[in-house]
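Q: Let me give you the structure first, and then I'll get to my questions.
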Amino acid sequence: MHQSQGSEKLNEEGAIETKVDTIDQRSPPGQNQLEPTNEGTTVVHLTRKQAHGSGVMGSAAAAVGNALGSARDAVFGKGKDRNHGAE
C-alpha cells in the first residue's frame, strides 16, 4: 500500500493549502479485469477561514432577515400613522 505524503502552507489568499502527493489507480472503462495503472498525482485541499456572517451564507441570511422585516412591517404597518382619519 502506498503512503501519502503532504504539506501545509498559508497561500496568498489567506487559505490553508494542504498538498498531498498520492497515487491515482486507473483502469480503462469496462475493462475491470485488467491491472490498473498507477499515476502519481497531487491533491490540493483548501481550507478558508471566514469571519462569521461573511460570504454567500452570510449574504443569504441578511437577505432573509430583510425580507422577514419587510413582511413584518407590511403586516403591522410600521412607519405609518395607524390612527390616520380616526379623530
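As shown in the C-alpha cells, the chain order sets the letters A, B, ...; within each chain, residues go from 1, and ligands are also counted from 1 in the order they appear.
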For segment 14-23 of chain A, find every residue with an atom within 7 Å (counting only C-alpha atoms), except residues of its own chain fewer than 5 positions away, and show them as a list in words.
A: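 Non-adjacent residues within range: Ser4, Gln5, Gly6, Ser7, Glu8, Lys9, Asn38, Glu39, Gly40, Thr41, Thr42, Val43, Val44, His45, Leu46, Thr47, Arg48 and Lys49 of chain A.
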Q: Please report the interatomic distance between atom CA of Ser59 of chain A and atom CA of Asp73 of chain A in Å with one decimal.
A: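 It comes out at 21.0 Å.
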Q: Separation of atom CA of Val75 of chain A and atom CA of Ala61 of chain A, in Å?
A: 21.2 Å
Q: Atom CA of Gly58 of chain A and atom CA of Phe76 of chain A, how far apart in Å?
A: 26.9 Å
